[in-house]
$ cat my_file_19.pdb   # PDB, C-alpha atoms and all ligand atoms
ATOM      1  CA  MET A 127    -172.592-152.469 -27.326
ATOM      2  CA  GLU A 128    -170.366-155.520 -27.029
ATOM      3  CA  LEU A 129    -169.627-157.010 -30.451
ATOM      4  CA  PHE A 130    -166.676-159.027 -31.720
ATOM      5  CA  ILE A 131    -166.175-158.828 -35.500
ATOM      6  CA  THR A 132    -163.401-160.604 -37.391
ATOM      7  CA  LEU A 133    -162.265-160.295 -41.001
ATOM      8  CA  GLU A 134    -160.880-163.316 -42.775
ATOM      9  CA  GLY A 135    -159.741-164.028 -46.291
ATOM     10  CA  PRO A 136    -156.887-165.072 -48.525
ATOM     11  CA  GLU A 137    -153.920-162.856 -49.400
ATOM     12  CA  GLY A 138    -154.808-159.563 -51.081
ATOM     13  CA  SER A 139    -158.516-159.718 -50.282
ATOM     14  CA  GLY A 140    -158.597-156.212 -48.745
ATOM     15  CA  LYS A 141    -159.228-157.124 -45.093
ATOM     16  CA  THR A 142    -157.046-154.396 -43.659
ATOM     17  CA  THR A 143    -158.634-151.661 -45.764
ATOM     18  CA  HIS A 144    -162.140-152.826 -44.886
ATOM     19  CA  ALA A 145    -161.348-153.184 -41.179
ATOM     20  CA  GLN A 146    -160.229-149.559 -41.107
ATOM     21  CA  LEU A 147    -163.180-148.224 -43.106
ATOM     22  CA  LEU A 148    -165.615-150.130 -40.907
ATOM     23  CA  ALA A 149    -163.931-148.899 -37.734
ATOM     24  CA  ASN A 150    -164.126-145.263 -38.905
ATOM     25  CA  TRP A 151    -167.775-145.627 -39.803
ATOM     26  CA  LEU A 152    -168.724-147.184 -36.458
ATOM     27  CA  THR A 153    -166.679-144.636 -34.513
ATOM     28  CA  GLU A 154    -168.472-141.786 -36.295
ATOM     29  CA  ARG A 155    -171.710-143.349 -35.112
ATOM     30  CA  GLY A 156    -170.619-143.137 -31.497
ATOM     31  CA  TYR A 157    -169.488-146.709 -30.872
ATOM     32  CA  ASP A 158    -166.395-147.489 -28.823
ATOM     33  CA  VAL A 159    -164.334-149.367 -31.425
ATOM     34  CA  LEU A 160    -160.992-151.078 -31.104
ATOM     35  CA  THR A 161    -159.221-152.346 -34.225
ATOM     36  CA  THR A 162    -156.443-154.870 -34.019
ATOM     37  CA  ARG A 163    -154.812-157.612 -36.038
ATOM     38  CA  GLU A 164    -153.310-161.069 -35.858
ATOM     39  CA  PRO A 165    -150.582-162.092 -35.612
ATOM     40  CA  GLY A 166    -149.449-159.154 -33.494
ATOM     41  CA  GLY A 167    -151.489-156.516 -31.735
ATOM     42  CA  THR A 168    -149.460-156.741 -28.507
ATOM     43  CA  ARG A 169    -145.755-156.292 -27.678
ATOM     44  CA  VAL A 170    -145.286-160.036 -27.283
ATOM     45  CA  GLY A 171    -147.408-160.742 -30.345
ATOM     46  CA  ASP A 172    -145.382-158.380 -32.511
ATOM     47  CA  VAL A 173    -142.199-160.290 -31.675
ATOM     48  CA  VAL A 174    -143.944-163.573 -32.498
ATOM     49  CA  ARG A 175    -145.190-162.003 -35.753
ATOM     50  CA  THR A 176    -141.609-161.393 -36.867
ATOM     51  CA  LEU A 177    -140.723-165.023 -36.117
ATOM     52  CA  LEU A 178    -143.718-166.212 -38.112
ATOM     53  CA  LEU A 179    -143.459-164.033 -41.201
ATOM     54  CA  ASP A 180    -139.749-163.481 -41.782
ATOM     55  CA  PRO A 181    -138.611-165.765 -44.642
ATOM     56  CA  ILE A 182    -135.301-166.414 -42.821
ATOM     57  CA  TYR A 183    -137.245-168.883 -40.631
ATOM     58  CA  ALA A 184    -138.068-171.074 -43.611
ATOM     59  CA  GLY A 185    -137.443-174.314 -41.665
ATOM     60  CA  ILE A 186    -140.198-173.706 -39.123
ATOM     61  CA  ARG A 187    -142.310-176.849 -38.499
ATOM     62  CA  PRO A 188    -146.084-176.697 -39.098
ATOM     63  CA  GLU A 189    -146.668-177.594 -35.436
ATOM     64  CA  THR A 190    -144.289-174.844 -34.270
ATOM     65  CA  GLU A 191    -145.944-172.388 -36.602
ATOM     66  CA  PHE A 192    -149.386-173.186 -35.241
ATOM     67  CA  LEU A 193    -148.263-172.996 -31.616
ATOM     68  CA  LEU A 194    -146.652-169.605 -32.234
ATOM     69  CA  PHE A 195    -149.847-168.265 -33.814
ATOM     70  CA  SER A 196    -151.731-169.658 -30.806
ATOM     71  CA  ALA A 197    -149.298-168.079 -28.330
ATOM     72  CA  ALA A 198    -149.749-164.661 -29.934
ATOM     73  CA  ARG A 199    -153.516-165.246 -29.935
ATOM     74  CA  ALA A 200    -153.654-166.092 -26.217
ATOM     75  CA  GLN A 201    -151.894-162.809 -25.501
ATOM     76  CA  ILE A 202    -154.104-160.605 -27.685
ATOM     77  CA  VAL A 203    -157.305-162.173 -26.333
ATOM     78  CA  GLY A 204    -156.297-161.663 -22.692
ATOM     79  CA  GLU A 205    -154.604-158.299 -23.064
ATOM     80  CA  ILE A 206    -156.671-156.507 -25.719
ATOM     81  CA  ILE A 207    -159.828-158.221 -26.980
ATOM     82  CA  ARG A 208    -161.563-159.463 -23.823
ATOM     83  CA  PRO A 209    -161.022-156.298 -21.777
ATOM     84  CA  HIS A 210    -162.533-154.162 -24.562
ATOM     85  CA  LEU A 211    -165.543-156.455 -24.976
ATOM     86  CA  GLU A 212    -166.027-156.554 -21.219
ATOM     87  CA  LYS A 213    -166.321-152.777 -21.090
ATOM     88  CA  GLY A 214    -169.022-152.984 -23.741
ATOM     89  CA  GLY A 215    -167.019-152.034 -26.833
ATOM     90  CA  ILE A 216    -166.800-153.301 -30.382
ATOM     91  CA  VAL A 217    -163.630-155.162 -31.399
ATOM     92  CA  ILE A 218    -162.678-155.501 -35.063
ATOM     93  CA  CYS A 219    -159.886-158.013 -35.573
ATOM     94  CA  ASP A 220    -158.042-158.411 -38.883
ATOM     95  CA  ARG A 221    -157.702-162.239 -38.825
ATOM     96  CA  PHE A 222    -158.410-164.420 -35.788
ATOM     97  CA  ALA A 223    -158.639-168.128 -34.906
ATOM     98  CA  ASP A 224    -160.296-169.075 -38.212
ATOM     99  CA  SER A 225    -157.024-168.136 -39.930
ATOM    100  CA  SER A 226    -155.381-171.022 -38.052
ATOM    101  CA  LEU A 227    -158.134-173.442 -39.073
ATOM    102  CA  ALA A 228    -157.725-172.339 -42.704
ATOM    103  CA  TYR A 229    -153.929-171.909 -42.951
ATOM    104  CA  GLN A 230    -152.614-174.459 -40.439
ATOM    105  CA  GLY A 231    -155.563-176.874 -40.590
ATOM    106  CA  TYR A 232    -156.414-176.931 -44.300
ATOM    107  CA  GLY A 233    -153.217-175.342 -45.668
ATOM    108  CA  ARG A 234    -150.629-177.276 -43.609
ATOM    109  CA  ARG A 235    -152.974-180.227 -43.106
ATOM    110  CA  LEU A 236    -152.654-180.279 -39.327
ATOM    111  CA  ASP A 237    -155.362-182.280 -37.593
ATOM    112  CA  GLN A 238    -158.506-180.110 -37.384
ATOM    113  CA  ASP A 239    -159.604-181.399 -33.980
ATOM    114  CA  THR A 240    -156.198-180.683 -32.486
ATOM    115  CA  VAL A 241    -156.187-177.208 -34.005
ATOM    116  CA  ARG A 242    -159.641-176.563 -32.539
ATOM    117  CA  THR A 243    -158.707-177.890 -29.087
ATOM    118  CA  ILE A 244    -155.532-175.829 -28.791
ATOM    119  CA  THR A 245    -157.295-172.779 -30.207
ATOM    120  CA  ALA A 246    -160.043-173.081 -27.596
ATOM    121  CA  PHE A 247    -157.341-173.240 -24.919
ATOM    122  CA  ALA A 248    -155.607-170.126 -26.319
ATOM    123  CA  THR A 249    -158.790-168.067 -26.654
ATOM    124  CA  GLY A 250    -160.669-169.347 -23.604
ATOM    125  CA  SER A 251    -163.245-170.443 -26.214
ATOM    126  CA  LEU A 252    -163.924-166.859 -27.312
ATOM    127  CA  LEU A 253    -165.767-166.835 -30.641
ATOM    128  CA  PRO A 254    -166.494-163.882 -32.929
ATOM    129  CA  ASP A 255    -170.123-162.724 -33.190
ATOM    130  CA  LEU A 256    -169.646-162.022 -36.890
ATOM    131  CA  THR A 257    -166.928-163.196 -39.270
ATOM    132  CA  LEU A 258    -166.678-161.392 -42.603
ATOM    133  CA  PHE A 259    -165.034-163.624 -45.183
ATOM    134  CA  LEU A 260    -163.636-161.619 -48.092
ATOM    135  CA  ASP A 261    -163.502-164.218 -50.797
ATOM    136  CA  LEU A 262    -161.212-163.825 -53.795
ATOM    137  CA  PRO A 263    -159.582-166.226 -56.272
ATOM    138  CA  VAL A 264    -155.984-166.932 -55.228
ATOM    139  CA  VAL A 265    -154.506-165.671 -58.500
ATOM    140  CA  GLU A 266    -156.400-162.398 -58.249
ATOM    141  CA  GLY A 267    -155.196-161.847 -54.672
ATOM    142  CA  PHE A 268    -151.558-162.259 -55.666
ATOM    143  CA  ARG A 269    -152.021-160.024 -58.690
ATOM    144  CA  ARG A 270    -153.315-157.287 -56.385
ATOM    145  CA  LYS A 271    -150.422-157.740 -53.972
ATOM    146  CA  GLN A 272    -147.885-157.486 -56.777
ATOM    147  CA  SER A 273    -149.460-154.425 -58.329
ATOM    148  CA  GLY A 274    -149.615-152.850 -54.847
ATOM    149  CA  GLY A 275    -145.788-153.059 -54.819
ATOM    150  CA  GLN A 276    -145.620-154.083 -51.157
ATOM    151  CA  GLY A 277    -142.048-155.295 -51.074
ATOM    152  CA  LYS A 278    -140.814-158.834 -50.621
ATOM    153  CA  PRO A 279    -143.462-161.521 -49.989
ATOM    154  CA  ASP A 280    -143.457-162.859 -46.413
ATOM    155  CA  ARG A 281    -142.898-166.525 -45.503
ATOM    156  CA  LEU A 282    -146.572-167.496 -45.814
ATOM    157  CA  GLU A 283    -147.040-165.590 -49.063
ATOM    158  CA  GLN A 284    -144.105-167.507 -50.516
ATOM    159  CA  GLU A 285    -146.022-170.783 -50.183
ATOM    160  CA  ARG A 286    -147.045-172.556 -53.384
ATOM    161  CA  ARG A 287    -150.285-171.811 -55.117
ATOM    162  CA  GLU A 288    -151.729-175.214 -54.068
ATOM    163  CA  PHE A 289    -151.298-174.257 -50.425
ATOM    164  CA  HIS A 290    -153.263-171.037 -50.923
ATOM    165  CA  GLU A 291    -155.964-172.889 -52.882
ATOM    166  CA  ARG A 292    -156.418-175.258 -49.915
ATOM    167  CA  VAL A 293    -156.643-172.258 -47.594
ATOM    168  CA  ARG A 294    -159.376-170.657 -49.710
ATOM    169  CA  GLN A 295    -161.379-173.879 -49.985
ATOM    170  CA  GLY A 296    -160.898-174.406 -46.243
ATOM    171  CA  TYR A 297    -162.352-170.985 -45.540
ATOM    172  CA  LEU A 298    -165.352-171.743 -47.730
ATOM    173  CA  SER A 299    -165.984-175.020 -45.867
ATOM    174  CA  LEU A 300    -165.740-173.271 -42.501
ATOM    175  CA  ALA A 301    -168.099-170.503 -43.628
ATOM    176  CA  ARG A 302    -170.675-172.883 -45.048
ATOM    177  CA  ALA A 303    -170.628-174.979 -41.879
ATOM    178  CA  GLU A 304    -171.535-171.947 -39.704
ATOM    179  CA  PRO A 305    -173.716-169.688 -41.845
ATOM    180  CA  VAL A 306    -175.060-167.669 -38.924
ATOM    181  CA  ARG A 307    -171.658-166.464 -37.753
ATOM    182  CA  TRP A 308    -170.030-166.141 -41.198
ATOM    183  CA  ALA A 309    -170.863-163.779 -44.043
ATOM    184  CA  ILE A 310    -169.278-164.658 -47.392
ATOM    185  CA  LEU A 311    -168.548-161.543 -49.465
ATOM    186  CA  ASP A 312    -167.301-161.379 -53.033
ATOM    187  CA  ALA A 313    -164.130-159.302 -52.608
ATOM    188  CA  GLY A 314    -163.612-159.036 -56.360
ATOM    189  CA  ARG A 315    -165.953-156.037 -56.474
ATOM    190  CA  PRO A 316    -164.960-152.371 -56.000
ATOM    191  CA  ILE A 317    -164.005-151.493 -52.428
ATOM    192  CA  ALA A 318    -166.978-149.149 -51.897
ATOM    193  CA  GLU A 319    -169.415-151.878 -52.891
ATOM    194  CA  VAL A 320    -167.859-154.487 -50.586
ATOM    195  CA  GLN A 321    -167.744-151.969 -47.746
ATOM    196  CA  GLU A 322    -171.406-151.177 -48.248
ATOM    197  CA  GLU A 323    -172.300-154.834 -47.830
ATOM    198  CA  ILE A 324    -170.065-155.121 -44.770
ATOM    199  CA  ARG A 325    -171.830-152.153 -43.129
ATOM    200  CA  SER A 326    -175.185-153.641 -43.873
ATOM    201  CA  ARG A 327    -174.187-156.993 -42.279
ATOM    202  CA  VAL A 328    -172.819-155.230 -39.214
ATOM    203  CA  SER A 329    -175.940-153.056 -38.959
ATOM    204  CA  GLU A 330    -178.113-156.161 -38.905
ATOM    205  CA  ARG A 331    -176.050-157.617 -36.073
ATOM    206  CA  LEU A 332    -176.190-154.383 -34.082
ATOM    207  CA  ALA A 333    -179.917-154.035 -34.618
ATOM    208  CA  THR A 334    -180.471-157.539 -33.257
ATOM    209  CA  ARG A 335    -178.288-156.797 -30.237
ATOM    210  CA  GLU A 336    -179.734-153.389 -29.532
ATOM    211  CA  GLY A 337    -183.261-154.625 -30.065
ATOM    212  CA  ALA A 338    -182.673-157.376 -27.530
ATOM    213  CA  SER A 339    -181.104-155.062 -24.957
ATOM    214  CA  GLY A 340    -183.576-152.208 -25.349
ATOM    215  CA  VAL A 341    -180.841-149.770 -26.434
ATOM    216  CA  PRO A 342    -181.916-147.570 -29.373
ATOM    217  CA  VAL A 343    -180.776-148.666 -32.793
ATOM    218  CA  GLN A 344    -178.249-146.107 -33.989
ATOM    219  CA  VAL A 345    -177.387-147.632 -37.315
ATOM    220  CA  ARG A 346    -179.805-147.849 -40.195
ATOM    221  CA  ARG A 347    -180.151-151.035 -42.143
ATOM    222  CA  ASN A 348    -179.873-149.412 -45.555
ATOM    223  CA  THR A 349    -176.457-147.897 -45.749
ATOM    224  CA  VAL A 350    -175.389-145.641 -48.577
ATOM    225  CA  GLN A 351    -172.074-145.565 -50.364
ATOM    226  CA  ASP A 352    -169.559-143.522 -48.434
ATOM    227  CA  PRO A 353    -168.725-140.476 -50.591
ATOM    228  CA  SER A 354    -165.699-139.841 -48.389
ATOM    229  CA  LEU A 355    -163.887-142.865 -49.821
ATOM    230  CA  THR A 356    -160.807-141.591 -51.592
ATOM    231  CA  SER A 357    -159.641-143.069 -54.875
ATOM    232  CA  GLU A 358    -156.765-144.585 -52.886
ATOM    233  CA  GLU A 359    -159.225-146.418 -50.635
ATOM    234  CA  ARG A 360    -161.084-147.620 -53.674
ATOM    235  CA  SER A 361    -157.931-149.294 -54.982
ATOM    236  CA  ASP A 362    -156.990-152.692 -53.586
ATOM    237  CA  ASP A 363    -154.141-152.018 -51.256
ATOM    238  CA  GLU A 364    -153.825-155.123 -49.119
TER     239      GLU A 364
HETATM  240  P1  LIG A 401    -150.223-160.278 -42.765
HETATM  241  O1  LIG A 401    -149.070-159.451 -43.211
HETATM  242  O2  LIG A 401    -150.992-159.811 -41.589
HETATM  243  O3  LIG A 401    -151.085-160.548 -44.040
HETATM  244  P2  LIG A 401    -152.576-160.357 -44.421
HETATM  245  O4  LIG A 401    -152.629-158.950 -44.908
HETATM  246  O5  LIG A 401    -152.780-161.372 -45.502
HETATM  247  O6  LIG A 401    -153.424-160.611 -43.212
HETATM  248  O7  LIG A 401    -149.693-161.761 -42.539
HETATM  249  C1  LIG A 401    -150.381-162.700 -41.860
HETATM  250  C2  LIG A 401    -150.052-164.043 -42.482
HETATM  251  O8  LIG A 401    -150.138-165.049 -41.494
HETATM  252  C3  LIG A 401    -151.008-164.409 -43.597
HETATM  253  O9  LIG A 401    -150.294-165.034 -44.637
HETATM  254  C4  LIG A 401    -151.909-165.435 -42.936
HETATM  255  C5  LIG A 401    -151.034-166.061 -41.914
HETATM  256  N1  LIG A 401    -151.741-166.597 -40.720
HETATM  257  C6  LIG A 401    -151.755-167.959 -40.489
HETATM  258  O10 LIG A 401    -151.196-168.738 -41.274
HETATM  259  N2  LIG A 401    -152.392-168.445 -39.383
HETATM  260  C7  LIG A 401    -152.979-167.632 -38.468
HETATM  261  O11 LIG A 401    -153.546-168.106 -37.459
HETATM  262  C8  LIG A 401    -152.953-166.209 -38.716
HETATM  263  C9  LIG A 401    -153.592-165.258 -37.742
HETATM  264  C10 LIG A 401    -152.322-165.729 -39.848
END
$ encode --input "my_file_19.pdb" --output "structure tokens"
Amino acid sequence: MELFITLEGPEGSGKTTHAQLLANWLTERGYDVLTTREPGGTRVGDVVRTLLLDPIYAGIRPETEFLLFSAARAQIVGEIIRPHLEKGGIVICDRFADSSLAYQGYGRRLDQDTVRTITAFATGSLLPDLTLFLDLPVVEGFRRKQSGGQGKPDRLEQERREFHERVRQGYLSLARAEPVRWAILDAGRPIAEVQEEIRSRVSERLATREGASGVPVQVRRNTVQDPSLTSEERSDDE
């Protein structure tokens, strides 16, 4: 069942935790799931990730930054994402092209049309089937990161609060403009509750797909809270 799901959101919104929980749940239900993340996910992409996130490269130009994100993206699409979709699997990607529209477009104020054109070139116009936007106030996201004790903030995290506010508002504009692809989720709730909503959104998408293709629907619409969530998973660890 080919399905491309992305998770987007500001810092500390819990994307990584939810990507993993969703992947485990789908795998248990017999789906062929691949989880990956941007920037990174490939050997080349991991090198680019270091260039992008290490605070020693503080002088990086917004244009350079965007092109590096795009370079890593072209690699992950060609090497990892497309091949898995083509063999009929589900791909869950922790951030994708919408991160560039939000961070480099709205955050850095690069021209949106240019960002879209170059992104289409990098991805071969691949679009997610479902984008889960984990929405959270900027201050709350940083509070979570700090209390998670995750070491020194990276170069993007060190940006001013105004930058992150623009990113969040940018995400909301993108999501409202494409309500069929995007699902806006309140990430301020307990992890189990957010995950439950995520599973329900994904189930709907799968049911539509499987209904259309004649394949039996394996996932029920009404999901229950996962009792296997540990207290660690319930805490906000992103
Ligand atoms: P990461 O450690 O993966 O953080 P997070 O857990 O928030 O996803 O760092 C990725 C950072 O890169 C994050 O601050 C968002 C930023 N980013 C962009 O600015 N543009 C992009 O296109 C992508 C994919 C990420």
$ atom_distance --input "my_file_19.pdb" --atom1 "atom CA of A:Leu262" --atom2 "atom CA of A:Thr161"
22.8 Å
$ residues_near_ligand --input "my_file_19.pdb" --ligand "ligand LIG 401 (chain A)" --cutoff "9 Å" --atoms "only C-alpha atoms and all ligand atoms" --output "PyMOL selection string"
chain A and resi 134-142+163-166+175+178-179+191-192+194-196+198-199+220-230+233-234+280-284+364
$ closest_residue --input "my_file_19.pdb" --among "A:Pro279, A:Gly204, A:Gly185, A:Gly314" --to "A:Ala248" --atoms "all atoms listed in the file"
A:Gly204
$ closest_residue --input "my_file_19.pdb" --among "A:Pro316, A:Leu256, A:Trp151, A:Gly214" --to "A:Glu330" --atoms "only C-alpha atoms"
A:Leu256
$ atom_distance --input "my_file_19.pdb" --atom1 "atom CA of A:Tyr157" --atom2 "atom CA of A:Arg307"
21.0 Å
$ closest_residue --input "my_file_19.pdb" --among "A:Phe259, A:Tyr232, A:Phe247, A:Trp308" --to "A:Glu291" --atoms "only C-alpha atoms"
A:Tyr232
$ atom_distance --input "my_file_19.pdb" --atom1 "atom CA of A:Thr245" --atom2 "atom CA of A:Thr334"
27.9 Å
$ build_atoms --input "my_file_19.pdb" --residues "stretch 167-190 of chain A" --atoms "N, CA and C atoms" --output "PDB file, in the coordinates of the input"
ATOM      1  N   GLY A 167    -150.497-157.222 -32.540  1.00  0.00           N
ATOM      2  CA  GLY A 167    -151.489-156.516 -31.735  1.00  0.00           C
ATOM      3  C   GLY A 167    -151.072-156.289 -30.291  1.00  0.00           C
ATOM      4  N   THR A 168    -150.000-156.964 -29.858  1.00  0.00           N
ATOM      5  CA  THR A 168    -149.460-156.741 -28.507  1.00  0.00           C
ATOM      6  C   THR A 168    -147.931-156.725 -28.635  1.00  0.00           C
ATOM      7  N   ARG A 169    -147.237-156.318 -27.590  1.00  0.00           N
ATOM      8  CA  ARG A 169    -145.755-156.292 -27.678  1.00  0.00           C
ATOM      9  C   ARG A 169    -145.218-157.694 -27.917  1.00  0.00           C
ATOM     10  N   VAL A 170    -145.740-158.648 -27.131  1.00  0.00           N
ATOM     11  CA  VAL A 170    -145.286-160.036 -27.283  1.00  0.00           C
ATOM     12  C   VAL A 170    -145.676-160.554 -28.676  1.00  0.00           C
ATOM     13  N   GLY A 171    -146.907-160.254 -29.060  1.00  0.00           N
ATOM     14  CA  GLY A 171    -147.408-160.742 -30.345  1.00  0.00           C
ATOM     15  C   GLY A 171    -146.623-160.196 -31.529  1.00  0.00           C
ATOM     16  N   ASP A 172    -146.156-158.955 -31.408  1.00  0.00           N
ATOM     17  CA  ASP A 172    -145.382-158.380 -32.511  1.00  0.00           C
ATOM     18  C   ASP A 172    -144.038-159.086 -32.688  1.00  0.00           C
ATOM     19  N   VAL A 173    -143.459-159.533 -31.571  1.00  0.00           N
ATOM     20  CA  VAL A 173    -142.199-160.290 -31.675  1.00  0.00           C
ATOM     21  C   VAL A 173    -142.486-161.638 -32.338  1.00  0.00           C
ATOM     22  N   VAL A 174    -143.568-162.277 -31.909  1.00  0.00           N
ATOM     23  CA  VAL A 174    -143.944-163.573 -32.498  1.00  0.00           C
ATOM     24  C   VAL A 174    -144.247-163.396 -33.994  1.00  0.00           C
ATOM     25  N   ARG A 175    -144.871-162.281 -34.346  1.00  0.00           N
ATOM     26  CA  ARG A 175    -145.190-162.003 -35.753  1.00  0.00           C
ATOM     27  C   ARG A 175    -143.925-162.022 -36.629  1.00  0.00           C
ATOM     28  N   THR A 176    -142.858-161.413 -36.104  1.00  0.00           N
ATOM     29  CA  THR A 176    -141.609-161.393 -36.867  1.00  0.00           C
ATOM     30  C   THR A 176    -141.108-162.824 -37.074  1.00  0.00           C
ATOM     31  N   LEU A 177    -141.166-163.627 -36.007  1.00  0.00           N
ATOM     32  CA  LEU A 177    -140.723-165.023 -36.117  1.00  0.00           C
ATOM     33  C   LEU A 177    -141.537-165.772 -37.173  1.00  0.00           C
ATOM     34  N   LEU A 178    -142.825-165.460 -37.225  1.00  0.00           N
ATOM     35  CA  LEU A 178    -143.718-166.212 -38.112  1.00  0.00           C
ATOM     36  C   LEU A 178    -143.601-165.788 -39.578  1.00  0.00           C
ATOM     37  N   LEU A 179    -143.357-164.528 -39.820  1.00  0.00           N
ATOM     38  CA  LEU A 179    -143.459-164.033 -41.201  1.00  0.00           C
ATOM     39  C   LEU A 179    -142.114-163.846 -41.900  1.00  0.00           C
ATOM     40  N   ASP A 180    -141.031-163.721 -41.129  1.00  0.00           N
ATOM     41  CA  ASP A 180    -139.749-163.481 -41.782  1.00  0.00           C
ATOM     42  C   ASP A 180    -139.283-164.729 -42.536  1.00  0.00           C
ATOM     43  N   PRO A 181    -139.011-164.585 -43.852  1.00  0.00           N
ATOM     44  CA  PRO A 181    -138.611-165.765 -44.642  1.00  0.00           C
ATOM     45  C   PRO A 181    -137.302-166.413 -44.167  1.00  0.00           C
ATOM     46  N   ILE A 182    -136.532-165.753 -43.292  1.00  0.00           N
ATOM     47  CA  ILE A 182    -135.301-166.414 -42.821  1.00  0.00           C
ATOM     48  C   ILE A 182    -135.627-167.639 -41.961  1.00  0.00           C
ATOM     49  N   TYR A 183    -136.873-167.703 -41.429  1.00  0.00           N
ATOM     50  CA  TYR A 183    -137.245-168.883 -40.631  1.00  0.00           C
ATOM     51  C   TYR A 183    -137.974-169.913 -41.491  1.00  0.00           C
ATOM     52  N   ALA A 184    -137.404-170.187 -42.642  1.00  0.00           N
ATOM     53  CA  ALA A 184    -138.068-171.074 -43.611  1.00  0.00           C
ATOM     54  C   ALA A 184    -138.248-172.493 -43.067  1.00  0.00           C
ATOM     55  N   GLY A 185    -137.387-172.925 -42.134  1.00  0.00           N
ATOM     56  CA  GLY A 185    -137.443-174.314 -41.665  1.00  0.00           C
ATOM     57  C   GLY A 185    -138.451-174.556 -40.557  1.00  0.00           C
ATOM     58  N   ILE A 186    -139.261-173.582 -40.257  1.00  0.00           N
ATOM     59  CA  ILE A 186    -140.198-173.706 -39.123  1.00  0.00           C
ATOM     60  C   ILE A 186    -141.174-174.867 -39.372  1.00  0.00           C
ATOM     61  N   ARG A 187    -141.423-175.686 -38.357  1.00  0.00           N
ATOM     62  CA  ARG A 187    -142.310-176.849 -38.499  1.00  0.00           C
ATOM     63  C   ARG A 187    -143.776-176.385 -38.455  1.00  0.00           C
ATOM     64  N   PRO A 188    -144.670-177.098 -39.151  1.00  0.00           N
ATOM     65  CA  PRO A 188    -146.084-176.697 -39.098  1.00  0.00           C
ATOM     66  C   PRO A 188    -146.619-176.625 -37.662  1.00  0.00           C
ATOM     67  N   GLU A 189    -146.188-177.582 -36.830  1.00  0.00           N
ATOM     68  CA  GLU A 189    -146.668-177.594 -35.436  1.00  0.00           C
ATOM     69  C   GLU A 189    -146.170-176.349 -34.692  1.00  0.00           C
ATOM     70  N   THR A 190    -144.876-176.024 -34.930  1.00  0.00           N
ATOM     71  CA  THR A 190    -144.289-174.844 -34.270  1.00  0.00           C
ATOM     72  C   THR A 190    -145.029-173.594 -34.720  1.00  0.00           C
TER      73      THR A 190
END
